[in-house]
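Engineer: Take a look at this one; I'll ask things after.
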Amino acid sequence: MNRAVYIETYGCQMNVLDSELVAGQLEAAGYRIVESAAVADVVLINTCSVRDLAEHKVWSHLGRLGVEKEEGRKDLIIGVIGCMAEREAEAIVKRAPQVEIVCSPSRLDRLPILLQNAIENHQFQRATAGHSQRSGVTPSDSADDLEALDSARSYVRAATSAQAFVRVTRGCNKLCSFCVVPYTRGPEVHRPPQLIIDEAKRLVDAGVIEVTLLGQTVNHYAYRAGEVTTSFAQLLWRVHEEVPGIERLRFVTSFPRDFDDETLDVMARSSRICRYLHLPVQSGSNRMLQLMNRGHTIESYMALLERARQLMPDICFAGDMIVGFPSETEGDHALSKELLRVAQYKGCFVFKYSPRSGTVAHRRYPDDVPDVVKKERNLELLDIQSEISLAHNRNKIGQAFEVLVESQSKLRAHGNNELVQIDGLRGASSRKARLVARTRGDEIVAFDGDASLVGTSVRVRGVDATPLTILARLED
Ligand code: SF4
């Protein structure tokens with residue numbers, strides 16, 4: 001029977017890619033992917049554990065699905081995949097008996113078999129990796145079972161959008177003291193460069209024009225084959241040179257400590273690599289950075305921004321900040337405000353510290369900044385960034401520039417102060433619509449145009465600005 005599967009995705013771009021790959025894998029196994037849980041035989045929730053709030057949302061979602069199953073949809077199969085599946089497997093078994101599948105991010109290649117077993121035998125299926133017990137840095141590896149998931153990508157599915165993610169590394173070895181990712185996605189694994197290039201070529205053949213290379217610390221990529229190591233700068237250059245059909249090449253997320261000048265040089269001499277860097281700083285205070293185990297200082301971070309700006313004056317930066325990390329004083333917070341003013345990001349994600357069990361910060365440092373103070377500091381940083389972003393976007397008024405049209409306008413909030421497109425499918429019928437697009441610097445642009453422009457590059461001229469969006473009109 002051609003069962004219908006609905007996948008709900010929470011969290012980061014890595015989860016978005018995982019959901020796409022899982023969808024392709026299940027389609028190949030004979031399932032139908034549907035756009036609504038209401039018509040599905042199987043609901044898979046791809047979860048995020050980065051903040052407490054993200055996990056709360058999943059628990060309530062599971063509660064609602066449990067009630068539906070209880071009240072009539074007896075055959076509904078509910079699965080939890082993603083970071084919570086690895087981190088909270090025991091709790092899911094206890095608190096959510098309606099869940100029949102638990103599958104961690106590094107075991108997704110096994111999902112079709114788990115699903116088949118759940119359908120045929122009505123028995124609980126679990127595939128987790130034990131990363132949550134990890135106690136230190138494991139040497140980076142260059143091979144893993146999960147390669148099968150990326151390698152079996154569905155290019156028919158990828159062709160529905162002009163944009164695609166390509167994974168270059170899985171997992172993380174940085175062990176920032178606040179972060180659960182090393183315990184949910186496991187040790188760093190680097191994919192062979194040739195597989196990455198082949199995947200990018202096939203995406204371009206399928207009609208993709210923008211490729212984003214993904215890694216938790218993408219610029220830490222280093223693939224070893226015998227005596228030869230391919231660095232991130234070399235990989236970036238090879239993708240740029242060997243896949244000329246990519247009109248826009250991006251990469252996220254960069255780890256400041258590992259960002260080398262070779263990568264900046266490759267960016268500067270490769271016109272199709274977007275002039276954009278997401279470089280999370282997390283705090284403006286060196287004392288906080290040390291407690292966070294980030295491995296960079298404010299001085300080394302600002303020197304990196306400076307070098308990048310010297311080589312590429314038009315480059316845009318985005319940052320991440322955490323407020324209310326344990327023991328953060330007003331003095332530390334003042335340094336974070338100062339950093340925003342000096343860094344001049346085009347946008348910055350600001351988050352309140354959320355203690356996560358299993359992390360070093362949770363074990364060692366009491367969560368001693370009251371929530372009311374975290375909220376105030378959060379708002380203060382957002383207000384400062386809002387002024388900076390508005391001034392940044394106003395610079396585009398009167399200028400003509402190229403954008404890639406991502407979707408018809410259906411903007412929604414992402415994090416605290418950003419907007420993301422949520423409907424990037426091509427093939428819209430011809431009709432006037434408000435369109436959402438992105439510059440090469442990752443600035444969001446809205447303008448009126450024909451819906452059939454989704455998935456194409458066009459020239460627009462800036463006419464107005466808000467902190468989040470450049471308003472524009474289509475150039476003749
Ligand atoms: S680099 Fe740090 S913040 Fe980023 S995923 Fe790894 S541990 Fe988490």
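By order of appearance in the structure tokens: chains A, B, ..., then residues from 1 within every chain, and ligands from 1 in the order shown.
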Neighbours of ligand 1 at 10 Å or closer, counting only C-alpha atoms and all ligand atoms: which residues, as an MDAnalysis selection string?
Structural biologist: chainID A and resid 50 171:188 215:218 220 253:257 280:282 292:295 320 359
Engineer: Go through range 128-308 of chain A and collect every residue that DSSP, computed from the backbone, puts in strand (DSSP E); the answer should be as JSON, numbers by chain.
Structural biologist: {"A": [163, 164, 165, 166, 167, 169, 170, 189, 190, 210, 211, 212, 213, 214, 222, 223, 224, 225, 228, 229, 230, 231, 248, 249, 250, 251, 252, 276, 277, 278]}
Engineer: Write out, as a tab-separated table (two decimals), in the first residue's frame, the residues just selected, with N, CA and C atoms.
Structural biologist:
chain	number	residue	atom	x	y	z
A	163	GLN	N	17.18	26.38	-4.95
A	163	GLN	CA	18.22	26.39	-3.91
A	163	GLN	C	18.35	25.00	-3.29
A	164	ALA	N	19.56	24.64	-2.94
A	164	ALA	CA	19.75	23.33	-2.31
A	164	ALA	C	20.90	23.40	-1.32
A	165	PHE	N	20.78	22.59	-0.29
A	165	PHE	CA	21.87	22.40	0.66
A	165	PHE	C	22.67	21.17	0.27
A	166	VAL	N	23.97	21.23	0.47
A	166	VAL	CA	24.82	20.04	0.32
A	166	VAL	C	25.66	19.92	1.58
A	167	ARG	N	25.56	18.77	2.22
A	167	ARG	CA	26.29	18.60	3.48
A	167	ARG	C	27.77	18.34	3.18
A	169	THR	N	30.08	18.37	6.17
A	169	THR	CA	30.46	17.64	7.38
A	169	THR	C	29.21	17.32	8.18
A	170	ARG	N	29.31	16.26	8.96
A	170	ARG	CA	28.27	15.92	9.93
A	170	ARG	C	28.89	16.04	11.31
A	189	VAL	N	32.35	14.26	11.07
A	189	VAL	CA	32.67	13.36	9.95
A	189	VAL	C	32.71	14.20	8.69
A	190	HIS	N	33.77	14.06	7.89
A	190	HIS	CA	33.91	14.87	6.67
A	190	HIS	C	33.62	14.01	5.46
A	210	GLU	N	21.45	27.85	-6.79
A	210	GLU	CA	22.17	28.27	-5.57
A	210	GLU	C	22.43	27.05	-4.68
A	211	VAL	N	23.69	26.84	-4.36
A	211	VAL	CA	24.07	25.71	-3.50
A	211	VAL	C	24.69	26.26	-2.21
A	212	THR	N	24.21	25.76	-1.09
A	212	THR	CA	24.78	26.13	0.21
A	212	THR	C	25.45	24.92	0.82
A	213	LEU	N	26.76	25.03	1.04
A	213	LEU	CA	27.50	23.93	1.69
A	213	LEU	C	27.23	24.02	3.19
A	214	LEU	N	26.86	22.88	3.77
A	214	LEU	CA	26.43	22.88	5.17
A	214	LEU	C	27.38	22.10	6.05
A	222	ALA	N	38.03	19.10	6.71
A	222	ALA	CA	39.38	18.64	6.35
A	222	ALA	C	39.26	17.15	6.03
A	223	TYR	N	39.30	16.82	4.75
A	223	TYR	CA	39.14	15.41	4.37
A	223	TYR	C	40.52	14.80	4.12
A	224	ARG	N	40.80	13.75	4.87
A	224	ARG	CA	42.11	13.10	4.73
A	224	ARG	C	41.99	11.83	3.91
A	225	ALA	N	42.83	11.71	2.89
A	225	ALA	CA	42.92	10.48	2.12
A	225	ALA	C	44.41	10.15	2.02
A	228	VAL	N	47.18	12.96	1.90
A	228	VAL	CA	46.66	14.21	1.34
A	228	VAL	C	45.41	14.67	2.12
A	229	THR	N	45.42	15.95	2.48
A	229	THR	CA	44.25	16.51	3.17
A	229	THR	C	43.66	17.62	2.31
A	230	THR	N	42.35	17.55	2.07
A	230	THR	CA	41.66	18.64	1.37
A	230	THR	C	41.10	19.58	2.44
A	231	SER	N	41.53	20.85	2.38
A	231	SER	CA	41.05	21.83	3.36
A	231	SER	C	39.72	22.41	2.88
A	248	ARG	N	25.22	30.84	-7.51
A	248	ARG	CA	25.52	31.36	-6.16
A	248	ARG	C	25.98	30.21	-5.28
A	249	LEU	N	27.15	30.39	-4.69
A	249	LEU	CA	27.68	29.37	-3.79
A	249	LEU	C	27.82	29.98	-2.40
A	250	ARG	N	27.19	29.33	-1.42
A	250	ARG	CA	27.23	29.82	-0.03
A	250	ARG	C	27.75	28.73	0.87
A	251	PHE	N	28.06	29.09	2.11
A	251	PHE	CA	28.39	28.07	3.10
A	251	PHE	C	28.05	28.58	4.49
A	252	VAL	N	27.52	27.71	5.32
A	252	VAL	CA	27.21	27.99	6.73
A	252	VAL	C	27.37	26.70	7.53
A	276	TYR	N	29.01	36.74	1.87
A	276	TYR	CA	28.23	36.65	3.10
A	276	TYR	C	28.88	35.65	4.04
A	277	LEU	N	29.01	36.03	5.30
A	277	LEU	CA	29.53	35.10	6.30
A	277	LEU	C	28.66	35.14	7.54
A	278	HIS	N	28.18	33.97	7.95
A	278	HIS	CA	27.52	33.86	9.24
A	278	HIS	C	28.60	33.40	10.23
Engineer: Go through range 30-206 of chain A and collect every residue that DSSP, computed from the backbone, puts in alpha helix (DSSP H); the answer should be as a PyMOL selection string.
Structural biologist: chain A and resi 52-70+83-87+89-95+111-121+147-151+155-158+181-184+193-205
Engineer: Find the residues of range 251-355 of chain A that sit at most 12 Å from range 463-469 of chain A; for each, write down the nearest two atoms and how far apart they are in Å, to one decimal. Count only C-alpha atoms. Sort by chain, then by number going up, and give it as JSON lines.
Structural biologist:
{"residue": "A:Tyr345", "atom": "CA", "partner": "A:Pro467", "partner_atom": "CA", "distance": 11.7}
{"residue": "A:Lys346", "atom": "CA", "partner": "A:Pro467", "partner_atom": "CA", "distance": 9.1}
{"residue": "A:Gly347", "atom": "CA", "partner": "A:Leu468", "partner_atom": "CA", "distance": 8.0}
{"residue": "A:Cys348", "atom": "CA", "partner": "A:Leu468", "partner_atom": "CA", "distance": 10.7}
{"residue": "A:Phe349", "atom": "CA", "partner": "A:Leu468", "partner_atom": "CA", "distance": 12.0}
Engineer: Report as a ChimeraX atom specification all protein, DNA and RNA residues lying within 12 Å of Leu26 in chain A, evaluated on only C-alpha atoms, omitting residues in the same chain fewer than 3 positions from it.
Structural biologist: /A:2-7,19-23,29-34,42,44,108-116,149,152-154,157
Engineer: Figure out the distance between CA of Glu86 in chain A and CA of Arg64 in chain A, please, to one decimal in Å.
Structural biologist: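 A separation of 21.7 Å between them.
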Engineer: Find, counting only C-alpha atoms, the residue in A:Val403, A:Leu146, A:Ala268, A:Ala391 that gets nearest to Glu247 in chain A.
Structural biologist: A:Val403
Engineer: With only C-alpha atoms as the basis for distance, which of A:Asp52, A:Glu68, A:Glu90, A:Asp450 is at the shortest distance from Ala37 in chain A?
Structural biologist: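 Among the listed residues, A:Glu68 lies closest to Ala37 in chain A.
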Engineer: Which one of A:His131, A:Arg238, A:His362, A:Arg107 sits closest to Lys201 in chain A if you count only C-alpha atoms?
Structural biologist: A:Arg238
Engineer: Choose the residue, out of A:Asn219, A:Thr297, A:Ser407, A:Gln344, that has the smallest atom-to-atom separation from Ile388 in chain A; count only C-alpha atoms.
Structural biologist: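 Closest residue, counting only C-alpha atoms: A:Gln344.
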Engineer: Would you pick out the contacts of Glu55 in chain A at 12 Å or less, using only C-alpha atoms, so that residues sharing its chain but fewer than 2 positions from it are not included, and give the list as a ChimeraX atom specification?
Structural biologist: /A:10-11,45-53,57-62,80,82-85,87-88,91-92,354,356
Engineer: Take the residues from that selection and put them in a file with C-alpha atoms, as an mmCIF file, in the first residue's frame.
Structural biologist:
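And here is the file that came out, result.cif:
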data_model
loop_
_atom_site.group_PDB
_atom_site.id
_atom_site.type_symbol
_atom_site.label_atom_id
_atom_site.label_comp_id
_atom_site.auth_asym_id
_atom_site.auth_seq_id
_atom_site.Cartn_x
_atom_site.Cartn_y
_atom_site.Cartn_z
ATOM 1 C CA TYR A 10 11.851 22.008 13.534
ATOM 2 C CA GLY A 11 15.226 23.677 13.910
ATOM 3 C CA ILE A 45 8.678 14.909 13.664
ATOM 4 C CA ASN A 46 12.205 16.071 12.923
ATOM 5 C CA THR A 47 13.170 17.678 16.200
ATOM 6 C CA CYS A 48 15.563 20.293 17.597
ATOM 7 C CA SER A 49 17.158 20.272 21.067
ATOM 8 C CA VAL A 50 19.144 23.478 20.970
ATOM 9 C CA ARG A 51 16.780 25.319 23.316
ATOM 10 C CA ASP A 52 14.288 24.206 25.917
ATOM 11 C CA LEU A 53 11.493 25.955 24.036
ATOM 12 C CA LYS A 57 6.980 22.510 21.216
ATOM 13 C CA VAL A 58 7.693 18.913 20.251
ATOM 14 C CA TRP A 59 6.287 17.529 23.508
ATOM 15 C CA SER A 60 3.024 19.411 22.957
ATOM 16 C CA HIS A 61 2.911 18.323 19.323
ATOM 17 C CA LEU A 62 3.341 14.706 20.439
ATOM 18 C CA VAL A 80 10.489 11.142 16.359
ATOM 19 C CA GLY A 82 16.388 14.429 14.831
ATOM 20 C CA CYS A 83 18.236 15.695 17.903
ATOM 21 C CA MET A 84 15.565 14.904 20.514
ATOM 22 C CA ALA A 85 15.474 11.304 19.347
ATOM 23 C CA ARG A 87 18.958 13.074 23.518
ATOM 24 C CA GLU A 88 15.543 12.209 24.892
ATOM 25 C CA ALA A 91 12.013 10.147 28.095
ATOM 26 C CA ILE A 92 10.072 9.633 24.854
ATOM 27 C CA SER A 354 18.879 28.026 27.889
ATOM 28 C CA ARG A 356 20.721 22.041 28.470
#
Engineer: Pick the closest to Ala129 in chain A from A:Ser151, A:Thr456, A:Ser104, A:Thr9: which is it, counting only C-alpha atoms?
Structural biologist: A:Ser104
Engineer: Would you mind telling me which residue in A:Arg473, A:Arg364, A:Arg431, A:Arg309 lies nearest to Val445 in chain A when using only C-alpha atoms?
Structural biologist: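 Among the listed residues, the smallest separation from Val445 in chain A belongs to A:Arg473.
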Engineer: To one decimal place in Å, what is the distance between CA of His240 in chain A and CA of Ile197 in chain A?
Structural biologist: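 Computing the Euclidean distance for CA of His240 in chain A and CA of Ile197 in chain A yields 9.3 Å.
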Engineer: When you look at Asp205 in chain A with a cut-off of 12 Å (counting only C-alpha atoms), what residues show up, excluding the ones that are within fewer than 5 positions of it in the same chain? I need them as a VMD selection string.
Structural biologist: chain A and resid 155 to 156 158 to 159 162 198 to 200 243 to 246
